[in-house]
Every structure is written in structure tokens, then in C-alpha cells.
$ cat start34.cif   # mmCIF, C-alpha atoms and all ligand atoms
data_input
#
loop_
_atom_site.label_atom_id
_atom_site.label_comp_id
_atom_site.auth_asym_id
_atom_site.auth_seq_id
_atom_site.Cartn_x
_atom_site.Cartn_y
_atom_site.Cartn_z
CA MET T 1 0.00 0.00 0.00
CA ASN T 2 1.24 3.51 -0.71
CA TYR T 3 0.38 6.81 0.96
CA THR T 4 -2.61 7.53 -1.30
CA GLU T 5 -4.13 4.08 -0.83
CA VAL T 6 -3.74 4.24 2.94
CA LYS T 7 -5.28 7.74 3.09
CA LEU T 8 -8.19 6.71 0.87
CA THR T 9 -8.89 3.58 2.87
CA LEU T 10 -8.79 5.47 6.18
CA ASN T 11 -11.19 8.07 4.76
CA LYS T 12 -13.55 5.40 3.53
CA LEU T 13 -13.55 3.78 6.96
CA ASN T 14 -13.94 7.19 8.55
CA LEU T 15 -10.96 6.34 10.70
CA ARG T 16 -8.33 8.55 12.26
CA PRO T 17 -5.13 6.73 13.25
CA LYS T 18 -5.20 6.09 17.00
CA LYS T 19 -2.06 7.12 18.84
CA HIS T 20 -2.72 4.98 21.89
CA LEU T 21 -2.79 1.89 19.64
CA SER T 22 0.45 2.95 17.88
CA GLN T 23 -1.36 3.03 14.55
CA ASN T 24 1.32 3.91 12.00
CA PHE T 25 0.53 2.25 8.72
CA LEU T 26 3.17 0.98 6.32
CA ILE T 27 3.25 3.02 3.06
CA ASP T 28 6.60 1.91 1.63
CA ASP T 29 6.58 -1.01 -0.82
CA ASN T 30 10.37 -1.34 -0.75
CA LEU T 31 10.33 -1.82 3.00
CA LEU T 32 7.48 -4.29 2.62
CA LYS T 33 9.56 -6.32 0.16
CA LYS T 34 12.53 -6.24 2.53
CA ILE T 35 10.42 -7.55 5.41
CA ILE T 36 9.05 -10.39 3.27
CA LEU T 37 12.52 -11.28 1.98
CA LEU T 38 14.03 -11.37 5.48
CA SER T 39 11.18 -13.54 6.72
CA GLU T 40 11.87 -16.30 4.17
CA VAL T 41 8.24 -17.35 4.33
CA SER T 42 7.31 -20.65 2.73
CA LYS T 43 4.33 -23.00 2.61
CA ASP T 44 5.74 -24.69 5.73
CA ASP T 45 5.25 -21.58 7.85
CA THR T 46 2.49 -20.60 10.22
CA ILE T 47 2.71 -16.89 10.82
CA LEU T 48 1.59 -14.74 13.72
CA GLU T 49 1.09 -11.15 12.68
CA ILE T 50 0.54 -8.72 15.53
CA GLY T 51 -1.47 -5.63 14.57
CA PRO T 52 -2.20 -6.15 10.85
CA GLY T 53 -3.75 -2.67 10.56
CA LEU T 54 -4.93 -2.24 6.98
CA GLY T 55 -3.31 -5.51 5.93
CA ALA T 56 -0.32 -4.22 3.95
CA LEU T 57 1.91 -6.97 5.34
CA THR T 58 -0.85 -9.53 5.75
CA GLU T 59 -1.62 -9.90 2.05
CA PRO T 60 1.83 -11.08 0.86
CA LEU T 61 2.08 -13.29 3.94
CA ILE T 62 -1.21 -15.02 3.11
CA LYS T 63 0.04 -15.68 -0.39
CA LYS T 64 3.33 -17.23 0.75
CA ALA T 65 2.58 -18.99 4.04
CA LYS T 66 0.66 -22.09 4.99
CA LYS T 67 -1.38 -20.13 7.50
CA VAL T 68 -1.57 -16.60 8.90
CA TYR T 69 -3.05 -15.60 12.25
CA ALA T 70 -3.47 -11.84 12.32
CA ILE T 71 -4.34 -10.37 15.71
CA GLU T 72 -5.98 -6.93 15.59
CA ILE T 73 -7.35 -5.11 18.63
CA ASP T 74 -9.24 -2.43 16.69
CA SER T 75 -12.75 -3.66 15.79
CA ILE T 76 -13.10 -1.39 12.76
CA LEU T 77 -9.86 -2.67 11.27
CA TYR T 78 -10.85 -6.22 12.19
CA LYS T 79 -14.10 -5.91 10.21
CA PHE T 80 -12.32 -4.32 7.27
CA LEU T 81 -9.68 -7.08 7.17
CA SER T 82 -12.19 -9.89 7.60
CA GLU T 83 -13.99 -8.71 4.46
CA LYS T 84 -10.84 -7.90 2.54
CA PHE T 85 -9.35 -11.35 3.08
CA SER T 86 -12.57 -13.39 3.12
CA VAL T 87 -11.61 -15.14 -0.13
CA TYR T 88 -8.58 -16.78 1.47
CA ASN T 89 -8.99 -19.87 3.60
CA ASN T 90 -5.48 -19.88 5.12
CA CYS T 91 -5.95 -16.71 7.13
CA GLU T 92 -7.64 -16.04 10.44
CA ILE T 93 -8.17 -12.47 11.54
CA ILE T 94 -8.72 -12.41 15.29
CA ASN T 95 -10.17 -9.41 17.11
CA CYS T 96 -8.18 -9.51 20.35
CA ASP T 97 -5.60 -7.78 22.49
CA ILE T 98 -2.39 -9.76 21.87
CA LEU T 99 -1.48 -9.37 25.56
CA LYS T 100 -4.71 -10.96 26.75
CA MET T 101 -5.19 -14.03 24.60
CA ASP T 102 -4.08 -17.61 24.17
CA ILE T 103 -1.78 -17.22 21.22
CA PRO T 104 -2.29 -19.75 18.42
CA SER T 105 0.66 -21.99 17.68
CA HIS T 106 3.02 -20.57 15.04
CA ASN T 107 6.68 -20.69 14.03
CA LYS T 108 7.28 -17.12 12.82
CA VAL T 109 6.23 -13.73 14.12
CA ILE T 110 6.20 -11.01 11.49
CA SER T 111 4.99 -7.63 12.59
CA ASN T 112 5.29 -3.90 12.59
CA ILE T 113 4.61 -4.06 16.27
CA PRO T 114 2.57 -1.59 18.33
CA TYR T 115 5.48 0.29 19.90
CA THR T 116 3.77 1.17 23.15
CA ILE T 117 3.58 -2.46 24.29
CA THR T 118 6.99 -3.73 23.15
CA GLY T 119 8.20 -5.04 26.54
CA PRO T 120 5.11 -7.02 27.59
CA LEU T 121 4.62 -8.16 24.00
CA PHE T 122 8.08 -9.76 23.85
CA GLU T 123 7.47 -11.46 27.16
CA LYS T 124 4.10 -12.81 26.09
CA VAL T 125 5.03 -13.86 22.55
CA PHE T 126 8.69 -14.93 22.62
CA PHE T 127 9.71 -15.87 26.16
CA ASN T 128 8.60 -19.48 26.18
CA GLN T 129 10.00 -22.98 25.85
CA ALA T 130 9.80 -22.97 22.04
CA PRO T 131 10.36 -19.39 20.87
CA SER T 132 9.57 -18.47 17.24
CA GLN T 133 11.64 -16.63 14.71
CA GLY T 134 10.80 -12.92 14.55
CA VAL T 135 11.05 -10.28 11.83
CA LEU T 136 9.90 -7.09 13.45
CA ILE T 137 9.84 -3.35 13.17
CA ILE T 138 10.63 -1.96 16.59
CA GLU T 139 11.71 1.23 18.27
CA LYS T 140 15.41 1.97 17.76
CA SER T 141 16.06 2.53 21.47
CA ILE T 142 14.85 -1.04 22.06
CA THR T 143 17.12 -2.38 19.30
CA ASN T 144 20.06 -0.93 21.21
CA ARG T 145 18.99 -2.90 24.24
CA ILE T 146 18.51 -6.13 22.34
CA PHE T 147 21.82 -6.10 20.41
CA LEU T 148 24.08 -6.10 23.46
CA THR T 149 26.63 -3.30 23.39
CA GLY T 150 28.35 -3.89 26.72
CA SER T 151 27.19 -0.51 28.01
CA TYR T 152 25.22 -0.60 31.23
CA LYS T 153 22.95 2.21 30.12
CA GLU T 154 21.46 0.05 27.41
CA PHE T 155 21.34 -3.10 29.51
CA SER T 156 17.83 -3.84 30.71
CA ARG T 157 15.14 -6.46 31.30
CA ILE T 158 14.49 -6.74 27.61
CA SER T 159 18.22 -7.22 26.88
CA VAL T 160 18.42 -10.18 29.22
CA GLY T 161 15.01 -11.65 28.32
CA VAL T 162 15.49 -11.53 24.56
CA ASN T 163 19.05 -12.86 24.68
CA ALA T 164 18.02 -15.68 27.00
CA TYR T 165 15.55 -16.98 24.41
CA LEU T 166 16.67 -15.64 21.04
CA LYS T 167 19.68 -14.73 18.97
CA PRO T 168 19.45 -11.24 17.40
CA VAL T 169 20.91 -11.61 13.90
CA LEU T 170 20.11 -8.53 11.82
CA LYS T 171 19.15 -4.89 12.13
CA HIS T 172 18.44 -2.21 9.55
CA ASP T 173 17.52 1.44 9.95
CA VAL T 174 14.04 2.30 8.77
CA SER T 175 12.78 5.74 7.82
CA ARG T 176 9.89 7.22 9.78
CA ASN T 177 8.49 8.29 6.44
CA SER T 178 7.77 4.67 5.58
CA PHE T 179 4.66 5.04 7.73
CA TYR T 180 1.55 7.16 7.87
CA PRO T 181 1.33 8.96 10.16
CA ALA T 182 5.11 9.13 10.63
CA PRO T 183 5.89 8.01 14.21
CA LYS T 184 7.80 10.33 16.52
CA ILE T 185 10.46 7.71 17.22
CA ASP T 186 13.29 6.15 15.20
CA LEU T 187 12.73 2.61 14.02
CA ASN T 188 14.61 -0.52 13.04
CA LEU T 189 13.80 -3.66 11.15
CA ILE T 190 15.28 -6.58 13.07
CA LYS T 191 15.49 -10.33 12.78
CA LEU T 192 15.66 -12.69 15.76
CA VAL T 193 16.08 -16.45 15.58
CA PRO T 194 15.41 -18.95 18.37
CA LYS T 195 18.50 -19.96 20.35
CA GLU T 196 19.75 -23.37 19.34
CA GLU T 197 19.62 -24.56 22.91
CA LEU T 198 17.74 -22.99 25.77
CA HIS T 199 19.34 -22.94 29.20
CA THR T 200 17.87 -25.96 31.03
CA PHE T 201 16.57 -23.73 33.84
CA LEU T 202 14.22 -22.08 31.33
CA LEU T 203 12.71 -25.35 30.15
CA GLU T 204 10.27 -25.44 33.03
CA LYS T 205 7.55 -22.79 33.21
CA LYS T 206 7.72 -21.93 36.92
CA ARG T 207 11.49 -21.63 36.81
CA ALA T 208 11.34 -19.52 33.66
CA SER T 209 8.88 -17.11 35.23
CA PHE T 210 11.06 -16.89 38.37
CA PHE T 211 13.98 -15.98 36.09
CA LEU T 212 12.00 -13.11 34.52
CA LYS T 213 10.86 -11.90 37.95
CA PHE T 214 14.44 -12.11 39.23
CA ILE T 215 15.79 -10.10 36.29
CA ALA T 216 13.06 -7.47 36.62
CA GLY T 217 13.86 -7.27 40.35
CA ILE T 218 17.62 -6.76 40.03
CA MET T 219 17.61 -4.42 37.00
CA PRO T 220 16.97 -1.26 39.05
CA TYR T 221 20.42 -2.01 40.57
CA LYS T 222 22.13 -2.92 37.30
CA ASN T 223 25.14 -0.64 37.84
CA LYS T 224 25.85 -2.12 41.29
CA ASN T 225 27.93 -5.15 42.18
CA ILE T 226 25.79 -8.23 42.18
CA VAL T 227 25.98 -8.89 45.93
CA ASN T 228 24.67 -5.43 46.80
CA ALA T 229 22.06 -5.63 44.06
CA LEU T 230 20.79 -8.91 45.47
CA VAL T 231 20.72 -7.53 49.01
CA MET T 232 18.53 -4.69 47.76
CA PHE T 233 16.39 -7.02 45.68
CA PHE T 234 15.60 -9.36 48.59
CA LYS T 235 14.94 -6.38 50.85
CA ALA T 236 12.50 -4.95 48.30
CA ILE T 237 10.52 -8.20 48.15
CA ASN T 238 10.66 -8.61 51.96
CA ASP T 239 12.55 -11.88 51.79
CA ASN T 240 14.63 -12.24 54.97
CA ASN T 241 16.26 -15.52 53.99
CA TYR T 242 19.19 -13.91 52.27
CA ASN T 243 21.56 -11.54 54.05
CA LYS T 244 24.77 -10.20 52.54
CA GLU T 245 26.97 -13.02 53.92
CA ARG T 246 24.70 -15.75 52.61
CA ILE T 247 24.41 -14.16 49.17
CA SER T 248 28.21 -13.76 48.99
CA SER T 249 28.87 -17.34 49.94
CA ILE T 250 26.29 -18.73 47.45
CA LEU T 251 27.96 -16.77 44.65
CA GLN T 252 31.52 -17.57 45.81
CA GLU T 253 30.78 -21.26 45.87
CA LYS T 254 30.08 -21.16 42.13
CA ASN T 255 32.91 -18.73 41.40
CA TYR T 256 30.67 -15.92 40.22
CA GLY T 257 32.60 -13.29 42.12
CA ASN T 258 31.06 -9.89 42.73
CA LYS T 259 30.98 -7.99 39.45
CA LYS T 260 28.59 -5.35 38.13
CA ILE T 261 25.36 -6.97 36.98
CA PHE T 262 25.67 -5.78 33.41
CA SER T 263 29.07 -7.40 32.99
CA TYR T 264 27.79 -10.98 33.46
CA PRO T 265 27.00 -12.98 30.33
CA ILE T 266 23.29 -13.75 29.98
CA GLU T 267 23.85 -17.48 30.59
CA ASP T 268 25.53 -16.64 33.92
CA LEU T 269 22.58 -14.48 34.95
CA ILE T 270 20.26 -17.41 34.27
CA ASP T 271 22.54 -19.67 36.35
CA ILE T 272 22.65 -17.11 39.15
CA SER T 273 18.86 -16.82 39.19
CA SER T 274 18.68 -20.62 39.53
CA LEU T 275 20.83 -20.45 42.69
CA PHE T 276 18.11 -18.42 44.39
CA TYR T 277 15.13 -20.42 43.16
CA THR T 278 13.28 -22.22 45.92
N1 LIG Z 301 0.97 -3.85 10.43
C1 LIG Z 301 0.29 -2.66 9.95
C2 LIG Z 301 -0.19 -1.75 11.10
C3 LIG Z 301 0.85 -1.36 12.10
S1 LIG Z 301 0.24 -0.21 13.27
C4 LIG Z 301 1.17 -1.90 9.00
O1 LIG Z 301 2.38 -2.12 9.05
O2 LIG Z 301 0.66 -1.10 8.22
C5 LIG Z 301 0.01 -1.22 14.71
C6 LIG Z 301 -1.26 -2.05 14.68
O3 LIG Z 301 -1.35 -2.78 15.91
C7 LIG Z 301 -2.55 -1.24 14.58
O4 LIG Z 301 -3.37 -1.82 13.61
C8 LIG Z 301 -3.18 -1.36 15.97
O5 LIG Z 301 -4.58 -1.26 15.96
C9 LIG Z 301 -2.70 -2.73 16.41
N2 LIG Z 301 -2.62 -2.94 17.87
C10 LIG Z 301 -2.26 -2.04 18.81
N3 LIG Z 301 -2.26 -2.60 20.04
C11 LIG Z 301 -2.62 -3.92 19.87
C12 LIG Z 301 -2.82 -5.01 20.76
N4 LIG Z 301 -2.65 -4.89 22.09
N5 LIG Z 301 -3.21 -6.22 20.24
C13 LIG Z 301 -3.39 -6.36 18.89
N6 LIG Z 301 -3.23 -5.35 18.02
C14 LIG Z 301 -2.85 -4.14 18.47
#
$ encode --input "start34.cif" --output "C-alpha cells"
Amino acid sequence: MNYTEVKLTLNKLNLRPKKHLSQNFLIDDNLLKKIILLSEVSKDDTILEIGPGLGALTEPLIKKAKKVYAIEIDSILYKFLSEKFSVYNNCEIINCDILKMDIPSHNKVISNIPYTITGPLFEKVFFNQAPSQGVLIIEKSITNRIFLTGSYKEFSRISVGVNAYLKPVLKHDVSRNSFYPAPKIDLNLIKLVPKEELHTFLLEKKRASFFLKFIAGIMPYKNKNIVNALVMFFKAINDNNYNKERISSILQEKNYGNKKIFSYPIEDLIDISSLFYT
């Protein structure tokens, strides 16, 4: 879809793009081609598209994939898409909030994602025992967190979570003008592939959710040495089982030392979380 087609369609639907739903519609066919190429979609693939909008991305996906699930929260867009794609039988448009649903099984996520819910969306869609491949347009500031730079400023929950489950393989700059309306943030097109082997601690659901809680809990202290960070973490959750001496000796026993949180490799952080799992 180009600018004129998007404008015309929005007018016909009497729709003004909603900011709170991060509605920025793709109007750049070259970018569309790039997304499709990077996704390497074939008739073996079941695709999850989050926020299909006016269906710019959905249409080529339907033509190339075995099946497409397109999840759209906006009822007007849902109705429009259901009619537009009614002739295809390999596509299900679902009128739901992606954060509040049981997500259908799929092996690739392809999406110009709603930027305002990036963090929770990653957690819901990718952080599980069998993560999918992802080709996504995301906010540039998040890309800098995902592709680890070694700087503590850009080290965050999403850095650890994504790199625990996925391997970031590609990033490209994307112009704001590829969308209508142009968003007020810089964007990237990125590709993530599932890690070849998940850390065994993450293979069990309860342990995996403890890991995410643990990471969220220690991140506010990410520029501190790990012992102090853990002291503050356990204090904040009112857990009196771990004082400074006990934390130190648990870490010493496994030779983890007492470095700044952001300087530990992700696999070590998963190991460390497992030492405090009860
Ligand atoms: N993929 C389209 C539209 C991107 S705009 C394109 O590239 O042109 C983001 C889309 O996500 C909008 O259609 C918006 O309505 C939808 N959306 C926003 N929050 C959502 C949520 N929680 N669940 C599902 N869809 C959502």
C-alpha cells in the first residue's frame, strides 16, 4: 500500500489513526519487500502477525505462508480485514488484544509491532520454551537494548530476556516516512532467531517465570555489584532468607565473584537466578 491508498482507505472507513494503539501504517513497498525477503516465508510456515492494521503486510504473507493468524485489537480494522481477506482460507483475523489471549501456535512472528507495548509483547510472545523466529519493526532505542553493546545504560530487562531466548541476527535502519502517520520515534527492522539450545533452567515454566521476575527485580540495581544488588532485591521483596553473607557465599561457591550486573554474560545471569530459586 502507498500513501494515497492508505489515506483513501482510512477516509472510507472514517478512521483517524489512534495514537494509543500505535497506529502507524506501512506506506513503503520497498520496505514491505525487505520484510518479506528477510522472513523467508514458505508453505511450511504458520505466521503470527501482531497488529495487521490495513493488511499491507498480511496480504503477501497469506500468499506465501501455509497459514496466517493476524491479531488486531481495533474492531473497525478487524471488520475491514475480515472482508478484505474473506476469499482466502489460510488466514484467520482475530479481534483480540495480543497481551490478553491464548496465542495460536506458530513458528514465525512477522509484525510492525505496536510500539507502546513492546516489553510485555516480547514477554508474552517470545519468552517461552519454544520461541519463534521474529522479523519485526521496533523502536530503535529497544534495538540498542537487544543487540548487546556492553554498556550498562542500554542493559535492561528486555536485553536479558530476549538474549536468553533468542539470537538477534540482523538490524536495519528504517525511515519514519515509511509510515503514515510518521511516528515520533526512530525505528529498526530486526530479525531474531530462536536460540539453538535454551538454558535448562528455562525449560520449566515456573522456573522460567522466576527468572523473569528475578531479572526485573535486580535491573533497578544494574550498575551495582551483584551482591549489593541482590541484598537490595531481597529487601524490596521482603525476603529475609538472604543476608549479605549468605548471598556472597552462594555466589563464591560457584565462582561468580562480585561484578557489576551488566558485565555478566546472559547465561551466567540465568545460572545465578537458579541459585536463588526455591
Ligand atoms: N501492520 C500494519 C499496522 C501497524 S500499526 C502496517 O504495518 O501497516 C500497529 C497495529 O497494531 C494497529 O493496527 C493497531 O490497531 C494494532 N494494535 C495495537 N495494540 C494492539 C494489541 N494490544 N493487540 C493487537 N493489536 C494491536
$ closest_residue --input "start34.cif" --among "T:Thr200, T:Thr46, T:Asn240, T:Thr116" --to "ligand LIG 301 (chain Z)" --atoms "only C-alpha atoms and all ligand atoms"
T:Thr116
$ atom_distance --input "start34.cif" --atom1 "atom CA of Leu10 of chain T" --atom2 "atom CA of Leu121 of chain T"
26.1 Å
$ residues_around --input "start34.cif" --residues "segment 133-144 of chain T" --least-positions-apart "4" --cutoff "8 Å" --atoms "all atoms listed in the file" --output "list in words"
Ile35, Leu38, Ser39, Asn107, Lys108, Val109, Ile110, Ser111, Asn112, Ile113, Tyr115, Thr118, Leu148, Thr149, Glu154, Ile158, Lys171, Ile185, Asp186, Leu187, Asn188, Leu189, Ile190, Lys191, Leu192, Val193 and Pro194 of chain T
$ residues_around --input "start34.cif" --residues "Ile47 of chain T" --least-positions-apart "6" --cutoff "9 Å" --atoms "all atoms listed in the file" --output "PyMOL selection string"
chain T and resi 41+61-62+65-70+105-110
$ closest_atom_pairs --input "start34.cif" --of "chain T" --to "ligand LIG 301 (chain Z)" --cutoff "6 Å" --atoms "only C-alpha atoms and all ligand atoms" --output "CSV"
residue,atom,partner,partner_atom,distance
T:Leu21,CA,Z:LIG301,C10,4.1
T:Ser22,CA,Z:LIG301,C5,5.3
T:Gln23,CA,Z:LIG301,S1,3.8
T:Asn24,CA,Z:LIG301,S1,4.4
T:Phe25,CA,Z:LIG301,O2,3.4
T:Leu26,CA,Z:LIG301,O2,3.8
T:Ile50,CA,Z:LIG301,N6,5.6
T:Gly51,CA,Z:LIG301,O3,3.2
T:Pro52,CA,Z:LIG301,N1,3.9
T:Gly53,CA,Z:LIG301,O4,3.2
T:Leu54,CA,Z:LIG301,O2,5.8
T:Ala56,CA,Z:LIG301,O2,5.4
T:Ile71,CA,Z:LIG301,C13,5.2
T:Glu72,CA,Z:LIG301,N6,4.0
T:Ile73,CA,Z:LIG301,C13,4.2
T:Asp74,CA,Z:LIG301,O5,4.9
T:Cys96,CA,Z:LIG301,C13,5.9
T:Asp97,CA,Z:LIG301,N5,3.6
T:Ile98,CA,Z:LIG301,N5,4.0
T:Leu99,CA,Z:LIG301,N4,5.8
T:Ser111,CA,Z:LIG301,N1,5.9
T:Asn112,CA,Z:LIG301,N1,4.8
T:Ile113,CA,Z:LIG301,C5,5.6
T:Pro114,CA,Z:LIG301,C5,4.4
$ closest_residue --input "start34.cif" --among "T:Ile146, T:Glu123, T:Gln252, T:Asp268" --to "Pro168 of chain T" --atoms "all atoms listed in the file"
T:Ile146
$ atom_distance --input "start34.cif" --atom1 "atom CA of Gly55 of chain T" --atom2 "atom CA of Asn90 of chain T"
14.6 Å
$ atom_distance --input "start34.cif" --atom1 "atom CA of Leu13 of chain T" --atom2 "atom CA of Tyr180 of chain T"
15.5 Å
$ closest_residue --input "start34.cif" --among "T:Leu57, T:Ile272, T:Leu8, T:Ala182" --to "Leu37 of chain T" --atoms "only C-alpha atoms"
T:Leu57
$ residues_around --input "start34.cif" --residues "Lys7 of chain T" --least-positions-apart "3" --cutoff "10 Å" --atoms "only C-alpha atoms" --output "list in words"
Met1, Asn2, Tyr3, Thr4, Leu10, Asn11, Lys12, Leu13, Leu15, Arg16, Phe25, Ile27, Tyr180 and Pro181 of chain T
$ axis_aligned_box --input "start34.cif" --around "segment 5-16 of chain T" --padding-each-side "5 Å" --output "AutoDock Vina command-line options"
--center_x -8.8 --center_y 6.1 --center_z 5.7 --size_x 20.2 --size_y 15.0 --size_z 23.1
$ closest_residue --input "start34.cif" --among "T:Lys43, T:Lys18, T:Lys213, T:Lys235" --to "Ile76 of chain T" --atoms "all atoms listed in the file"
T:Lys18
$ build_atoms --input "start34.cif" --residues "segment 63-89 of chain T" --atoms "N, CA and C atoms" --output "PDB file, in the frame of the given file"
ATOM      1  N   LYS T  63      -0.286 -15.046   0.885  1.00  0.00           N
ATOM      2  CA  LYS T  63       0.040 -15.680  -0.390  1.00  0.00           C
ATOM      3  C   LYS T  63       1.227 -16.647  -0.286  1.00  0.00           C
ATOM      4  N   LYS T  64       2.100 -16.408   0.674  1.00  0.00           N
ATOM      5  CA  LYS T  64       3.330 -17.230   0.750  1.00  0.00           C
ATOM      6  C   LYS T  64       3.298 -18.295   1.831  1.00  0.00           C
ATOM      7  N   ALA T  65       2.491 -18.092   2.873  1.00  0.00           N
ATOM      8  CA  ALA T  65       2.580 -18.990   4.040  1.00  0.00           C
ATOM      9  C   ALA T  65       1.513 -20.082   3.985  1.00  0.00           C
ATOM     10  N   LYS T  66       1.702 -21.069   4.869  1.00  0.00           N
ATOM     11  CA  LYS T  66       0.660 -22.090   4.990  1.00  0.00           C
ATOM     12  C   LYS T  66      -0.559 -21.469   5.669  1.00  0.00           C
ATOM     13  N   LYS T  67      -0.274 -20.689   6.716  1.00  0.00           N
ATOM     14  CA  LYS T  67      -1.380 -20.130   7.500  1.00  0.00           C
ATOM     15  C   LYS T  67      -0.947 -18.811   8.141  1.00  0.00           C
ATOM     16  N   VAL T  68      -1.874 -17.866   8.220  1.00  0.00           N
ATOM     17  CA  VAL T  68      -1.570 -16.600   8.900  1.00  0.00           C
ATOM     18  C   VAL T  68      -2.623 -16.338   9.981  1.00  0.00           C
ATOM     19  N   TYR T  69      -2.178 -16.113  11.199  1.00  0.00           N
ATOM     20  CA  TYR T  69      -3.050 -15.600  12.250  1.00  0.00           C
ATOM     21  C   TYR T  69      -2.734 -14.130  12.412  1.00  0.00           C
ATOM     22  N   ALA T  70      -3.698 -13.282  12.192  1.00  0.00           N
ATOM     23  CA  ALA T  70      -3.470 -11.840  12.320  1.00  0.00           C
ATOM     24  C   ALA T  70      -4.332 -11.316  13.470  1.00  0.00           C
ATOM     25  N   ILE T  71      -3.652 -10.786  14.482  1.00  0.00           N
ATOM     26  CA  ILE T  71      -4.340 -10.370  15.710  1.00  0.00           C
ATOM     27  C   ILE T  71      -4.503  -8.852  15.708  1.00  0.00           C
ATOM     28  N   GLU T  72      -5.732  -8.374  15.672  1.00  0.00           N
ATOM     29  CA  GLU T  72      -5.980  -6.930  15.590  1.00  0.00           C
ATOM     30  C   GLU T  72      -6.953  -6.501  16.688  1.00  0.00           C
ATOM     31  N   ILE T  73      -6.532  -5.549  17.489  1.00  0.00           N
ATOM     32  CA  ILE T  73      -7.350  -5.110  18.630  1.00  0.00           C
ATOM     33  C   ILE T  73      -8.492  -4.172  18.210  1.00  0.00           C
ATOM     34  N   ASP T  74      -8.280  -3.453  17.111  1.00  0.00           N
ATOM     35  CA  ASP T  74      -9.240  -2.430  16.690  1.00  0.00           C
ATOM     36  C   ASP T  74     -10.383  -3.076  15.890  1.00  0.00           C
ATOM     37  N   SER T  75     -11.614  -2.959  16.404  1.00  0.00           N
ATOM     38  CA  SER T  75     -12.750  -3.660  15.790  1.00  0.00           C
ATOM     39  C   SER T  75     -13.052  -3.194  14.368  1.00  0.00           C
ATOM     40  N   ILE T  76     -12.825  -1.901  14.118  1.00  0.00           N
ATOM     41  CA  ILE T  76     -13.100  -1.390  12.760  1.00  0.00           C
ATOM     42  C   ILE T  76     -12.127  -2.010  11.762  1.00  0.00           C
ATOM     43  N   LEU T  77     -10.862  -2.055  12.146  1.00  0.00           N
ATOM     44  CA  LEU T  77      -9.860  -2.670  11.270  1.00  0.00           C
ATOM     45  C   LEU T  77     -10.118  -4.172  11.141  1.00  0.00           C
ATOM     46  N   TYR T  78     -10.539  -4.779  12.224  1.00  0.00           N
ATOM     47  CA  TYR T  78     -10.850  -6.220  12.190  1.00  0.00           C
ATOM     48  C   TYR T  78     -11.931  -6.513  11.151  1.00  0.00           C
ATOM     49  N   LYS T  79     -12.996  -5.708  11.170  1.00  0.00           N
ATOM     50  CA  LYS T  79     -14.100  -5.910  10.210  1.00  0.00           C
ATOM     51  C   LYS T  79     -13.609  -5.708   8.788  1.00  0.00           C
ATOM     52  N   PHE T  80     -12.864  -4.637   8.596  1.00  0.00           N
ATOM     53  CA  PHE T  80     -12.320  -4.320   7.270  1.00  0.00           C
ATOM     54  C   PHE T  80     -11.483  -5.489   6.743  1.00  0.00           C
ATOM     55  N   LEU T  81     -10.589  -6.001   7.594  1.00  0.00           N
ATOM     56  CA  LEU T  81      -9.680  -7.080   7.170  1.00  0.00           C
ATOM     57  C   LEU T  81     -10.434  -8.380   6.916  1.00  0.00           C
ATOM     58  N   SER T  82     -11.427  -8.658   7.764  1.00  0.00           N
ATOM     59  CA  SER T  82     -12.190  -9.890   7.600  1.00  0.00           C
ATOM     60  C   SER T  82     -12.845  -9.922   6.231  1.00  0.00           C
ATOM     61  N   GLU T  83     -13.383  -8.769   5.792  1.00  0.00           N
ATOM     62  CA  GLU T  83     -13.990  -8.710   4.460  1.00  0.00           C
ATOM     63  C   GLU T  83     -12.933  -8.782   3.369  1.00  0.00           C
ATOM     64  N   LYS T  84     -11.877  -7.983   3.567  1.00  0.00           N
ATOM     65  CA  LYS T  84     -10.840  -7.900   2.540  1.00  0.00           C
ATOM     66  C   LYS T  84     -10.229  -9.265   2.234  1.00  0.00           C
ATOM     67  N   PHE T  85     -10.037 -10.072   3.274  1.00  0.00           N
ATOM     68  CA  PHE T  85      -9.350 -11.350   3.080  1.00  0.00           C
ATOM     69  C   PHE T  85     -10.290 -12.549   3.129  1.00  0.00           C
ATOM     70  N   SER T  86     -11.595 -12.296   2.980  1.00  0.00           N
ATOM     71  CA  SER T  86     -12.570 -13.390   3.120  1.00  0.00           C
ATOM     72  C   SER T  86     -12.406 -14.474   2.056  1.00  0.00           C
ATOM     73  N   VAL T  87     -11.772 -14.130   0.933  1.00  0.00           N
ATOM     74  CA  VAL T  87     -11.610 -15.140  -0.130  1.00  0.00           C
ATOM     75  C   VAL T  87     -10.505 -16.153   0.187  1.00  0.00           C
ATOM     76  N   TYR T  88      -9.681 -15.846   1.153  1.00  0.00           N
ATOM     77  CA  TYR T  88      -8.580 -16.780   1.470  1.00  0.00           C
ATOM     78  C   TYR T  88      -8.987 -17.698   2.615  1.00  0.00           C
ATOM     79  N   ASN T  89      -8.632 -18.974   2.479  1.00  0.00           N
ATOM     80  CA  ASN T  89      -8.990 -19.870   3.600  1.00  0.00           C
ATOM     81  C   ASN T  89      -7.797 -20.224   4.493  1.00  0.00           C
TER      82      ASN T  89
END
